[in-house]
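Undergrad: My file is coords_21.pdb. It has PDB, C-alpha atoms:
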```
MODEL        1
ATOM      1  CA  MET A   1       2.645   6.511-102.478
ATOM      2  CA  ASP A   2       6.252   7.031-101.416
ATOM      3  CA  GLY A   3       6.392   4.329 -98.760
ATOM      4  CA  ARG A   4       5.559   6.615 -95.855
ATOM      5  CA  ILE A   5       2.981   5.599 -93.289
ATOM      6  CA  MET A   6       0.292   8.236 -93.766
ATOM      7  CA  MET A   7      -0.611  10.154 -90.646
ATOM      8  CA  ASP A   8      -4.002  11.716 -89.940
ATOM      9  CA  ALA A   9      -2.935  15.324 -89.331
ATOM     10  CA  LYS A  10      -6.308  16.362 -87.938
ATOM     11  CA  GLN A  11      -6.272  13.528 -85.402
ATOM     12  CA  GLU A  12      -2.663  14.212 -84.426
ATOM     13  CA  LEU A  13      -3.391  17.940 -84.114
ATOM     14  CA  ALA A  14      -6.278  17.179 -81.763
ATOM     15  CA  ARG A  15      -3.998  14.976 -79.651
ATOM     16  CA  MET A  16      -1.225  17.573 -79.494
ATOM     17  CA  SER A  17      -3.731  20.332 -78.777
ATOM     18  CA  GLU A  18      -5.036  18.363 -75.816
ATOM     19  CA  GLU A  19      -1.491  17.861 -74.519
ATOM     20  CA  LEU A  20      -0.705  21.576 -74.855
ATOM     21  CA  ASP A  21      -3.973  22.769 -73.352
ATOM     22  CA  SER A  22      -2.909  22.728 -69.707
ATOM     23  CA  ALA A  23       0.310  24.609 -70.511
ATOM     24  CA  ILE A  24      -1.603  27.233 -72.515
ATOM     25  CA  ARG A  25      -3.923  27.695 -69.524
ATOM     26  CA  SER A  26      -1.141  27.898 -66.935
ATOM     27  CA  TYR A  27       0.517  31.252 -67.559
ATOM     28  CA  ILE A  28      -2.235  33.824 -66.943
ATOM     29  CA  LYS A  29      -2.720  33.890 -63.187
ATOM     30  CA  ASP A  30      -5.637  35.308 -61.196
ATOM     31  CA  GLU A  31      -5.050  38.968 -60.444
ATOM     32  CA  GLU A  32      -6.735  42.349 -60.770
ATOM     33  CA  PRO A  33      -8.377  43.734 -62.794
ATOM     34  CA  ASN A  34     -10.433  40.610 -63.293
ATOM     35  CA  ASN A  35     -12.070  41.741 -66.543
ATOM     36  CA  LEU A  36      -8.673  42.183 -68.216
ATOM     37  CA  VAL A  37      -7.495  38.760 -67.028
ATOM     38  CA  GLU A  38     -10.722  37.183 -68.377
ATOM     39  CA  ALA A  39     -10.283  38.996 -71.699
ATOM     40  CA  CYS A  40      -6.659  37.792 -71.984
ATOM     41  CA  ARG A  41      -7.742  34.220 -71.346
ATOM     42  CA  GLN A  42     -10.776  34.225 -73.659
ATOM     43  CA  TYR A  43      -9.198  33.459 -77.038
ATOM     44  CA  PRO A  44      -6.259  31.178 -76.140
ATOM     45  CA  TYR A  45      -8.317  29.200 -73.615
ATOM     46  CA  HIS A  46     -11.174  28.654 -76.080
ATOM     47  CA  GLY A  47      -9.176  26.244 -78.214
ATOM     48  CA  GLY A  48      -8.687  26.163 -81.973
ATOM     49  CA  LYS A  49      -6.566  24.007 -84.264
ATOM     50  CA  ARG A  50      -3.342  24.863 -82.367
ATOM     51  CA  MET A  51      -1.321  24.428 -85.569
ATOM     52  CA  ARG A  52       1.347  26.949 -84.622
ATOM     53  CA  PRO A  53       2.238  25.587 -81.167
ATOM     54  CA  SER A  54       2.058  22.011 -82.462
ATOM     55  CA  MET A  55       4.568  22.947 -85.145
ATOM     56  CA  VAL A  56       6.961  24.321 -82.498
ATOM     57  CA  ILE A  57       6.875  20.999 -80.625
ATOM     58  CA  ALA A  58       7.178  18.891 -83.790
ATOM     59  CA  ALA A  59      10.128  20.918 -85.124
ATOM     60  CA  CYS A  60      11.963  20.435 -81.838
ATOM     61  CA  GLY A  61      11.318  16.690 -81.898
ATOM     62  CA  ALA A  62      12.167  16.338 -85.585
ATOM     63  CA  VAL A  63      15.755  17.491 -84.943
ATOM     64  CA  GLY A  64      16.099  15.120 -81.977
ATOM     65  CA  GLY A  65      15.461  17.644 -79.202
ATOM     66  CA  ASP A  66      13.670  17.466 -75.845
ATOM     67  CA  LYS A  67      10.120  18.507 -76.733
ATOM     68  CA  ASP A  68       9.303  19.502 -73.149
ATOM     69  CA  LYS A  69      11.798  22.364 -73.470
ATOM     70  CA  ALA A  70       9.858  23.715 -76.475
ATOM     71  CA  VAL A  71       6.531  23.993 -74.632
ATOM     72  CA  PRO A  72       7.090  27.579 -73.380
ATOM     73  CA  LEU A  73       7.807  28.796 -76.922
ATOM     74  CA  ALA A  74       4.758  26.884 -78.205
ATOM     75  CA  VAL A  75       2.570  28.705 -75.658
ATOM     76  CA  ALA A  76       4.190  32.067 -76.471
ATOM     77  CA  ILE A  77       3.552  31.613 -80.205
ATOM     78  CA  GLU A  78      -0.085  30.701 -79.478
ATOM     79  CA  TYR A  79      -0.473  33.812 -77.297
ATOM     80  CA  ILE A  80       0.972  36.008 -80.053
ATOM     81  CA  HIS A  81      -1.376  34.415 -82.578
ATOM     82  CA  ASN A  82      -4.367  35.124 -80.339
ATOM     83  CA  PHE A  83      -3.192  38.678 -79.670
ATOM     84  CA  THR A  84      -3.337  39.287 -83.436
ATOM     85  CA  LEU A  85      -6.804  37.693 -83.653
ATOM     86  CA  ILE A  86      -8.195  40.015 -80.965
ATOM     87  CA  HIS A  87      -6.862  43.061 -82.790
ATOM     88  CA  ASP A  88      -7.916  41.706 -86.219
ATOM     89  CA  ASP A  89     -11.482  41.207 -85.012
ATOM     90  CA  LEU A  90     -11.522  44.732 -83.618
ATOM     91  CA  MET A  91     -10.208  46.231 -86.875
ATOM     92  CA  ASP A  92     -12.634  44.185 -88.995
ATOM     93  CA  GLY A  93     -15.616  44.801 -86.717
ATOM     94  CA  ASP A  94     -16.309  41.063 -86.529
ATOM     95  CA  GLU A  95     -18.793  39.957 -83.880
ATOM     96  CA  LYS A  96     -18.067  36.203 -83.862
ATOM     97  CA  ARG A  97     -14.868  34.142 -83.726
ATOM     98  CA  ARG A  98     -14.842  30.310 -83.430
ATOM     99  CA  GLY A  99     -18.500  30.473 -82.390
ATOM    100  CA  MET A 100     -17.848  32.877 -79.498
ATOM    101  CA  THR A 101     -18.536  36.590 -79.093
ATOM    102  CA  THR A 102     -15.432  38.545 -80.070
ATOM    103  CA  SER A 103     -13.379  40.296 -77.419
ATOM    104  CA  HIS A 104     -14.246  43.896 -78.299
ATOM    105  CA  VAL A 105     -17.973  43.075 -78.308
ATOM    106  CA  LYS A 106     -17.866  41.118 -75.034
ATOM    107  CA  TYR A 107     -15.455  43.296 -73.045
ATOM    108  CA  GLY A 108     -15.480  46.601 -74.913
ATOM    109  CA  MET A 109     -12.929  48.075 -77.272
ATOM    110  CA  PRO A 110     -10.454  49.479 -74.677
ATOM    111  CA  THR A 111     -10.245  46.163 -72.767
ATOM    112  CA  ALA A 112      -9.866  44.198 -76.030
ATOM    113  CA  VAL A 113      -6.909  46.386 -77.035
ATOM    114  CA  LEU A 114      -5.327  45.866 -73.609
ATOM    115  CA  ALA A 115      -5.991  42.099 -73.736
ATOM    116  CA  GLY A 116      -4.090  41.901 -77.018
ATOM    117  CA  ASP A 117      -1.272  43.951 -75.532
ATOM    118  CA  GLY A 118      -1.294  41.731 -72.436
ATOM    119  CA  LEU A 119      -0.971  38.506 -74.450
ATOM    120  CA  PHE A 120       1.860  40.058 -76.465
ATOM    121  CA  ALA A 121       3.741  40.994 -73.278
ATOM    122  CA  LYS A 122       3.038  37.637 -71.643
ATOM    123  CA  ALA A 123       4.454  35.821 -74.685
ATOM    124  CA  PHE A 124       7.856  37.474 -74.296
ATOM    125  CA  GLU A 125       7.820  36.936 -70.536
ATOM    126  CA  ILE A 126       7.290  33.211 -71.214
ATOM    127  CA  ILE A 127      10.104  33.104 -73.787
ATOM    128  CA  SER A 128      12.442  34.652 -71.208
ATOM    129  CA  THR A 129      11.877  31.640 -68.906
ATOM    130  CA  MET A 130      13.037  29.021 -71.438
ATOM    131  CA  ASP A 131      15.720  26.541 -70.436
ATOM    132  CA  VAL A 132      18.082  27.148 -73.372
ATOM    133  CA  PRO A 133      21.628  28.500 -73.814
ATOM    134  CA  SER A 134      21.858  32.308 -73.970
ATOM    135  CA  ASP A 135      22.895  32.354 -77.655
ATOM    136  CA  VAL A 136      19.823  30.264 -78.570
ATOM    137  CA  MET A 137      17.649  32.587 -76.477
ATOM    138  CA  ARG A 138      18.962  35.626 -78.382
ATOM    139  CA  LYS A 139      18.295  33.958 -81.757
ATOM    140  CA  ILE A 140      14.738  33.045 -80.774
ATOM    141  CA  LEU A 141      13.989  36.502 -79.373
ATOM    142  CA  ASN A 142      15.224  38.013 -82.628
ATOM    143  CA  ILE A 143      13.236  35.609 -84.838
ATOM    144  CA  VAL A 144       9.988  36.111 -82.913
ATOM    145  CA  SER A 145      10.388  39.904 -82.594
ATOM    146  CA  VAL A 146      10.982  40.264 -86.334
ATOM    147  CA  ALA A 147       7.956  38.027 -86.994
ATOM    148  CA  VAL A 148       5.666  40.276 -84.920
ATOM    149  CA  TRP A 149       6.950  43.351 -86.773
ATOM    150  CA  ASP A 150       6.322  41.574 -90.087
ATOM    151  CA  LEU A 151       2.831  40.613 -88.896
ATOM    152  CA  ALA A 152       2.053  44.291 -88.344
ATOM    153  CA  ARG A 153       3.341  45.116 -91.833
ATOM    154  CA  GLY A 154       1.263  42.319 -93.358
ATOM    155  CA  GLN A 155      -1.878  43.437 -91.559
ATOM    156  CA  GLN A 156      -1.414  47.008 -92.786
ATOM    157  CA  MET A 157      -0.805  45.749 -96.339
ATOM    158  CA  ASP A 158      -4.040  43.769 -96.075
ATOM    159  CA  ILE A 159      -5.890  46.921 -95.020
ATOM    160  CA  ASN A 160      -4.239  48.925 -97.813
ATOM    161  CA  ASN A 161      -5.259  46.239-100.319
ATOM    162  CA  GLU A 162      -8.927  46.961 -99.609
ATOM    163  CA  ASN A 163      -8.763  50.539-100.890
ATOM    164  CA  GLY A 164     -10.238  49.568-104.252
ATOM    165  CA  GLU A 165      -7.008  49.549-106.259
ATOM    166  CA  LYS A 166      -5.985  46.424-108.136
ATOM    167  CA  VAL A 167      -3.464  44.277-106.277
ATOM    168  CA  THR A 168      -0.829  42.304-108.165
ATOM    169  CA  MET A 169      -0.215  38.629-107.468
ATOM    170  CA  GLU A 170       3.203  39.531-106.061
ATOM    171  CA  GLN A 171       1.652  42.054-103.630
ATOM    172  CA  TYR A 172      -0.940  39.512-102.544
ATOM    173  CA  ILE A 173       1.638  36.763-101.874
ATOM    174  CA  GLU A 174       3.874  39.164 -99.929
ATOM    175  CA  THR A 175       0.867  40.216 -97.827
ATOM    176  CA  ILE A 176      -0.066  36.671 -96.834
ATOM    177  CA  ARG A 177       3.589  35.740 -96.325
ATOM    178  CA  LEU A 178       3.805  38.493 -93.737
ATOM    179  CA  LYS A 179       0.321  38.221 -92.287
ATOM    180  CA  THR A 180       0.132  34.434 -91.997
ATOM    181  CA  SER A 181       3.433  32.683 -92.705
ATOM    182  CA  VAL A 182       5.924  34.518 -90.515
ATOM    183  CA  LEU A 183       4.434  33.319 -87.221
ATOM    184  CA  PHE A 184       4.383  29.691 -88.433
ATOM    185  CA  ALA A 185       7.985  30.166 -89.544
ATOM    186  CA  SER A 186       9.289  31.784 -86.356
ATOM    187  CA  GLY A 187       7.725  29.051 -84.220
ATOM    188  CA  ALA A 188       9.099  26.242 -86.378
ATOM    189  CA  ALA A 189      12.601  27.745 -86.532
ATOM    190  CA  GLY A 190      12.524  28.459 -82.801
ATOM    191  CA  GLY A 191      11.454  24.910 -82.004
ATOM    192  CA  ALA A 192      14.310  23.550 -84.121
ATOM    193  CA  LEU A 193      16.841  25.807 -82.369
ATOM    194  CA  ILE A 194      15.595  24.656 -78.957
ATOM    195  CA  GLY A 195      16.057  21.088 -80.205
ATOM    196  CA  GLY A 196      19.721  21.754 -80.982
ATOM    197  CA  ALA A 197      19.516  22.250 -84.758
ATOM    198  CA  ASP A 198      22.264  24.209 -86.466
ATOM    199  CA  ASP A 199      21.336  27.442 -88.242
ATOM    200  CA  ASP A 200      21.077  25.828 -91.704
ATOM    201  CA  VAL A 201      18.586  23.185 -90.538
ATOM    202  CA  ALA A 202      16.612  25.748 -88.519
ATOM    203  CA  MET A 203      16.353  27.985 -91.599
ATOM    204  CA  ALA A 204      15.256  25.054 -93.789
ATOM    205  CA  ILE A 205      12.498  24.345 -91.262
ATOM    206  CA  ARG A 206      11.628  28.046 -91.223
ATOM    207  CA  ASP A 207      11.312  27.962 -95.046
ATOM    208  CA  TYR A 208       9.107  24.848 -94.779
ATOM    209  CA  ALA A 209       6.751  26.698 -92.456
ATOM    210  CA  MET A 210       6.816  29.840 -94.601
ATOM    211  CA  SER A 211       5.639  27.918 -97.669
ATOM    212  CA  LEU A 212       3.093  25.993 -95.607
ATOM    213  CA  GLY A 213       1.669  29.282 -94.321
ATOM    214  CA  VAL A 214       1.251  30.645 -97.848
ATOM    215  CA  ALA A 215      -0.463  27.431 -98.979
ATOM    216  CA  PHE A 216      -2.684  27.478 -95.877
ATOM    217  CA  GLN A 217      -3.852  31.054 -96.535
ATOM    218  CA  MET A 218      -4.366  30.442-100.257
ATOM    219  CA  TYR A 219      -6.540  27.450 -99.465
ATOM    220  CA  ASP A 220      -8.423  29.565 -96.925
ATOM    221  CA  ASP A 221      -9.167  31.996 -99.754
ATOM    222  CA  ILE A 222     -10.383  29.111-101.927
ATOM    223  CA  LEU A 223     -12.695  27.869 -99.156
ATOM    224  CA  GLY A 224     -13.967  31.433 -98.792
ATOM    225  CA  ILE A 225     -15.436  31.189-102.284
ATOM    226  CA  ILE A 226     -16.263  27.508-102.872
ATOM    227  CA  GLY A 227     -16.289  26.120 -99.309
ATOM    228  CA  ASP A 228     -19.332  24.608 -97.629
ATOM    229  CA  PRO A 229     -20.678  27.255 -95.194
ATOM    230  CA  ALA A 230     -21.975  24.467 -92.921
ATOM    231  CA  LYS A 231     -18.349  23.348 -92.423
ATOM    232  CA  THR A 232     -16.404  26.602 -92.704
ATOM    233  CA  GLY A 233     -18.863  28.618 -90.603
ATOM    234  CA  LYS A 234     -18.537  31.466 -93.123
ATOM    235  CA  SER A 235     -20.761  32.473 -95.999
ATOM    236  CA  ALA A 236     -19.121  31.311 -99.229
ATOM    237  CA  GLY A 237     -18.890  34.588-101.075
ATOM    238  CA  ASN A 238     -18.281  37.120 -98.311
ATOM    239  CA  ASP A 239     -14.720  37.611 -99.576
ATOM    240  CA  ILE A 240     -16.238  38.683-102.898
ATOM    241  CA  ARG A 241     -18.671  41.011-101.116
ATOM    242  CA  LYS A 242     -15.787  42.541 -99.169
ATOM    243  CA  GLY A 243     -13.743  42.909-102.362
ATOM    244  CA  LYS A 244     -10.806  41.037-100.830
ATOM    245  CA  SER A 245      -7.728  40.687-102.967
ATOM    246  CA  THR A 246      -7.067  36.949-102.987
ATOM    247  CA  VAL A 247      -5.091  34.696-105.320
ATOM    248  CA  ILE A 248      -8.359  33.931-107.129
ATOM    249  CA  VAL A 249      -9.359  37.576-107.593
ATOM    250  CA  CYS A 250      -5.844  38.681-108.609
ATOM    251  CA  HIS A 251      -5.768  35.986-111.285
ATOM    252  CA  ALA A 252      -9.305  36.758-112.481
ATOM    253  CA  LEU A 253      -8.828  40.506-112.889
ATOM    254  CA  LYS A 254      -5.785  39.856-115.059
ATOM    255  CA  ASN A 255      -7.239  36.959-117.068
ATOM    256  CA  ILE A 256     -10.960  37.549-117.686
ATOM    257  CA  LYS A 257     -10.969  38.049-121.468
ATOM    258  CA  ASN A 258     -14.674  38.704-122.061
ATOM    259  CA  LYS A 259     -15.422  42.401-121.423
ATOM    260  CA  GLU A 260     -18.994  41.665-120.384
ATOM    261  CA  ASP A 261     -17.748  39.119-117.845
ATOM    262  CA  LEU A 262     -15.130  41.555-116.548
ATOM    263  CA  ASP A 263     -17.655  44.392-116.151
ATOM    264  CA  ARG A 264     -20.112  42.072-114.420
ATOM    265  CA  PHE A 265     -17.460  40.649-112.086
ATOM    266  CA  GLU A 266     -16.138  44.098-111.152
ATOM    267  CA  SER A 267     -19.691  45.299-110.447
ATOM    268  CA  ILE A 268     -20.176  42.465-107.925
ATOM    269  CA  LEU A 269     -16.685  42.527-106.381
ATOM    270  CA  GLY A 270     -16.826  44.694-103.266
ATOM    271  CA  LYS A 271     -20.625  44.984-103.293
ATOM    272  CA  MET A 272     -21.477  44.356 -99.638
ATOM    273  CA  ASP A 273     -25.163  43.715-100.339
ATOM    274  CA  ALA A 274     -24.575  41.386-103.318
ATOM    275  CA  SER A 275     -27.287  38.736-103.518
ATOM    276  CA  GLU A 276     -26.611  34.991-103.546
ATOM    277  CA  ASP A 277     -27.500  35.004-107.267
ATOM    278  CA  GLU A 278     -24.873  37.686-107.929
ATOM    279  CA  ILE A 279     -22.280  35.743-105.923
ATOM    280  CA  GLU A 280     -23.082  32.661-107.995
ATOM    281  CA  ILE A 281     -22.607  34.686-111.207
ATOM    282  CA  ALA A 282     -19.196  35.872-109.938
ATOM    283  CA  ARG A 283     -18.283  32.322-108.917
ATOM    284  CA  ASN A 284     -19.157  30.991-112.380
ATOM    285  CA  ILE A 285     -17.013  33.694-114.017
ATOM    286  CA  LEU A 286     -14.115  32.668-111.764
ATOM    287  CA  LYS A 287     -14.591  29.029-112.775
ATOM    288  CA  ARG A 288     -14.741  29.843-116.496
ATOM    289  CA  THR A 289     -11.598  31.966-116.232
ATOM    290  CA  GLY A 290      -9.745  29.113-114.519
ATOM    291  CA  SER A 291      -9.009  31.285-111.495
ATOM    292  CA  ILE A 292     -10.136  28.719-108.909
ATOM    293  CA  ASP A 293      -8.120  25.948-110.610
ATOM    294  CA  TYR A 294      -5.125  28.306-110.725
ATOM    295  CA  ALA A 295      -5.430  29.012-106.990
ATOM    296  CA  ILE A 296      -5.536  25.304-106.198
ATOM    297  CA  GLU A 297      -2.444  24.694-108.366
ATOM    298  CA  MET A 298      -0.596  27.545-106.617
ATOM    299  CA  ALA A 299      -1.483  26.238-103.157
ATOM    300  CA  GLU A 300      -0.362  22.730-104.172
ATOM    301  CA  LYS A 301       2.931  24.179-105.465
ATOM    302  CA  TYR A 302       3.629  25.856-102.120
ATOM    303  CA  THR A 303       2.651  22.673-100.267
ATOM    304  CA  LYS A 304       5.127  20.591-102.297
ATOM    305  CA  ASP A 305       7.799  23.234-101.786
ATOM    306  CA  ALA A 306       7.190  23.121 -98.019
ATOM    307  CA  ILE A 307       7.555  19.339 -97.871
ATOM    308  CA  SER A 308      10.745  19.399 -99.970
ATOM    309  CA  LYS A 309      12.426  21.627 -97.339
ATOM    310  CA  LEU A 310      12.208  18.750 -94.830
ATOM    311  CA  ASP A 311      14.608  16.544 -96.826
ATOM    312  CA  CYS A 312      17.353  17.634 -94.418
ATOM    313  CA  LEU A 313      15.639  15.744 -91.566
ATOM    314  CA  LYS A 314      15.891  12.074 -90.671
ATOM    315  CA  ASP A 315      12.654  10.089 -90.802
ATOM    316  CA  SER A 316      10.672  10.317 -87.583
ATOM    317  CA  LYS A 317       7.110  10.612 -86.319
ATOM    318  CA  ASP A 318       7.608  14.361 -85.883
ATOM    319  CA  LYS A 319       8.838  14.775 -89.461
ATOM    320  CA  GLU A 320       5.869  12.726 -90.637
ATOM    321  CA  PHE A 321       3.535  15.016 -88.698
ATOM    322  CA  MET A 322       5.108  18.090 -90.304
ATOM    323  CA  ILE A 323       4.590  16.571 -93.762
ATOM    324  CA  ALA A 324       1.016  15.618 -92.861
ATOM    325  CA  LEU A 325       0.402  19.168 -91.599
ATOM    326  CA  ALA A 326       1.425  20.586 -94.974
ATOM    327  CA  GLU A 327      -0.862  18.116 -96.758
ATOM    328  CA  TYR A 328      -3.685  18.926 -94.321
ATOM    329  CA  ALA A 329      -3.454  22.596 -95.303
ATOM    330  CA  MET A 330      -4.625  21.546 -98.773
ATOM    331  CA  SER A 331      -7.173  18.866 -97.857
ATOM    332  CA  ARG A 332      -9.204  20.437 -95.043
ATOM    333  CA  ASP A 333     -12.758  21.661 -95.404
ATOM    334  CA  VAL A 334     -12.542  24.316 -92.678
TER     335      VAL A 334
ENDMDL
END
```
Turn the structure described in the file into structure tokens.
TA:
Amino acid sequence: MDGRIMMDAKQELARMSEELDSAIRSYIKDEEPNNLVEACRQYPYHGGKRMRPSMVIAACGAVGGDKDKAVPLAVAIEYIHNFTLIHDDLMDGDEKRRGMTTSHVKYGMPTAVLAGDGLFAKAFEIISTMDVPSDVMRKILNIVSVAVWDLARGQQMDINNENGEKVTMEQYIETIRLKTSVLFASGAAGGALIGGADDDVAMAIRDYAMSLGVAFQMYDDILGIIGDPAKTGKSAGNDIRKGKSTVIVCHALKNIKNKEDLDRFESILGKMDASEDEIEIARNILKRTGSIDYAIEMAEKYTKDAISKLDCLKDSKDKEFMIALAEYAMSRDV
């Protein structure tokens, strides 16, 4: 141990989520058409881990800022996150999200598209109300706008990666950096700027969140293959059935030496009706090849890199939470 008082990130996340809940529920007012308003509220009001908005608040506090001033950006980042989830579920044809019926199934495809658009618009309306100097406002608008553009690029890369062609490790990491990390990073950097950080500190915090996001997604991919379905809520092996290019699969396709193993693995990868026995065969090949161990090592590397970026900050409860959040990304079971 390094002398730090260890914080329970999950417990602190739950506390911060509860504190943010009323703010998240306060910006979508009652108006017509009612079905669109309900659809806009569905995802953000349902809850979730609230990692992204919590990071906005913590980054503001960690640089000595007034955390109340960061709440609007925290809500905006959460709305943008949920806008992407609505559209992701529509593109993937998923019927369930966090135990609820997905937006396009419940409200229909046209309303789901509009609900995503509505949350996106509402996010920027909220940002425009922030009590910050005009130069800080311009920086935050730029950071968040670029992040949403990068999110779109990452989502398209993810779709392109499912066309059956082999994806390199570099392509995979760039995809998850764009699809997952950039929103973490824009929120963290924005929170720091609201708190009065100079550009160098804000960019260090952005880099922290970027590495954390990569580690978080890599560990998600690991849970997708060896996680407990009772805890994750997802069948361990569906990523193999879908043929998803993950850190594990990228490593395996390059490193499986036995031709029989490679042929067998490739015959199962992307087979939507693969049996549990076939998934177990694929999983065992991944273990023998060292691909799962490699993925864990990579995620740990990004976690350590994230934490090292916070050396520019003085010790505080908010800094401790940010460190704990990075460690949580690698220790969770969901």
Undergrad: Residue by residue, what does the PyMOL selection byres ((chain A and resi 199-203) around 8) grab here? Present the result as a PDB file with C-alpha atoms, in the frame of the given file.
TA:
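Output contents, as saved in selection_38.pdb:
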```pdb
ATOM      1  CA  ALA A 188       9.099  26.242 -86.378  1.00  0.00           C
ATOM      2  CA  ALA A 189      12.601  27.745 -86.532  1.00  0.00           C
ATOM      3  CA  GLY A 190      12.524  28.459 -82.801  1.00  0.00           C
ATOM      4  CA  ALA A 192      14.310  23.550 -84.121  1.00  0.00           C
ATOM      5  CA  LEU A 193      16.841  25.807 -82.369  1.00  0.00           C
ATOM      6  CA  ALA A 197      19.516  22.250 -84.758  1.00  0.00           C
ATOM      7  CA  ASP A 198      22.264  24.209 -86.466  1.00  0.00           C
ATOM      8  CA  ALA A 204      15.256  25.054 -93.789  1.00  0.00           C
ATOM      9  CA  ILE A 205      12.498  24.345 -91.262  1.00  0.00           C
ATOM     10  CA  ARG A 206      11.628  28.046 -91.223  1.00  0.00           C
ATOM     11  CA  ASP A 207      11.312  27.962 -95.046  1.00  0.00           C
ATOM     12  CA  CYS A 312      17.353  17.634 -94.418  1.00  0.00           C
TER      13      CYS A 312
END
```
Undergrad: So what do you get for atom CA of Lys304 of chain A versus atom CA of Ser211 of chain A, distance-wise?
TA: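 So the answer is 8.7 Å.
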Undergrad: Return the single residue from A:Thr180, A:Thr111, A:Ser186, A:Ser103 that is closest to Asn142 of chain A, with distances computed using all atoms listed in the file.
TA: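 Selected residue with least distance to Asn142 of chain A: A:Ser186.
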Undergrad: In terms of the shortest atom-to-atom distance over only C-alpha atoms, which of A:Gly187, A:Gly196, A:Gly224, A:Gly116 is closest to Cys40 of chain A?
TA: A:Gly116
Undergrad: Give me the result of the PyMOL selection byres ((chain A and resi 288-290) around 12) on this file, residue by residue, as a compact mmCIF listing (two decimals) with C-alpha atoms, in the coordinates of the input.
TA:
```txt
# COMPACT_ATOMS: atom_id res chain seq x y z
CA VAL A 247 -5.09 34.70 -105.32
CA ILE A 248 -8.36 33.93 -107.13
CA VAL A 249 -9.36 37.58 -107.59
CA CYS A 250 -5.84 38.68 -108.61
CA HIS A 251 -5.77 35.99 -111.28
CA ALA A 252 -9.30 36.76 -112.48
CA LEU A 253 -8.83 40.51 -112.89
CA LYS A 254 -5.78 39.86 -115.06
CA ASN A 255 -7.24 36.96 -117.07
CA ILE A 256 -10.96 37.55 -117.69
CA LYS A 257 -10.97 38.05 -121.47
CA ASN A 258 -14.67 38.70 -122.06
CA ASP A 261 -17.75 39.12 -117.84
CA LEU A 262 -15.13 41.56 -116.55
CA PHE A 265 -17.46 40.65 -112.09
CA ILE A 281 -22.61 34.69 -111.21
CA ALA A 282 -19.20 35.87 -109.94
CA ARG A 283 -18.28 32.32 -108.92
CA ASN A 284 -19.16 30.99 -112.38
CA ILE A 285 -17.01 33.69 -114.02
CA LEU A 286 -14.12 32.67 -111.76
CA LYS A 287 -14.59 29.03 -112.78
CA SER A 291 -9.01 31.28 -111.50
CA ILE A 292 -10.14 28.72 -108.91
CA ASP A 293 -8.12 25.95 -110.61
CA TYR A 294 -5.12 28.31 -110.72
CA ALA A 295 -5.43 29.01 -106.99
CA ILE A 296 -5.54 25.30 -106.20
CA GLU A 297 -2.44 24.69 -108.37
```
Undergrad: Expressed in Å to a single decimal, how great is the separation between atom CA of Gly154 of chain A and atom CA of Met210 of chain A?
TA: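 Taking atom CA of Gly154 of chain A as the start and atom CA of Met210 of chain A as the end point, the length is 13.7 Å.
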Undergrad: Please, which residues are within 9 Å of (1.8, 22.6, -77.4) by the file's coordinates, counting only C-alpha atoms, and could they come as a list in words?
TA: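 Looking at atoms near the point gives Met16, Ser17, Glu18, Glu19, Leu20, Asp21, Ala23, Ile24, Arg50, Met51, Arg52, Pro53, Ser54, Met55, Val56, Ile57, Ala70, Val71, Pro72, Leu73, Ala74, Val75 and Glu78 of chain A.
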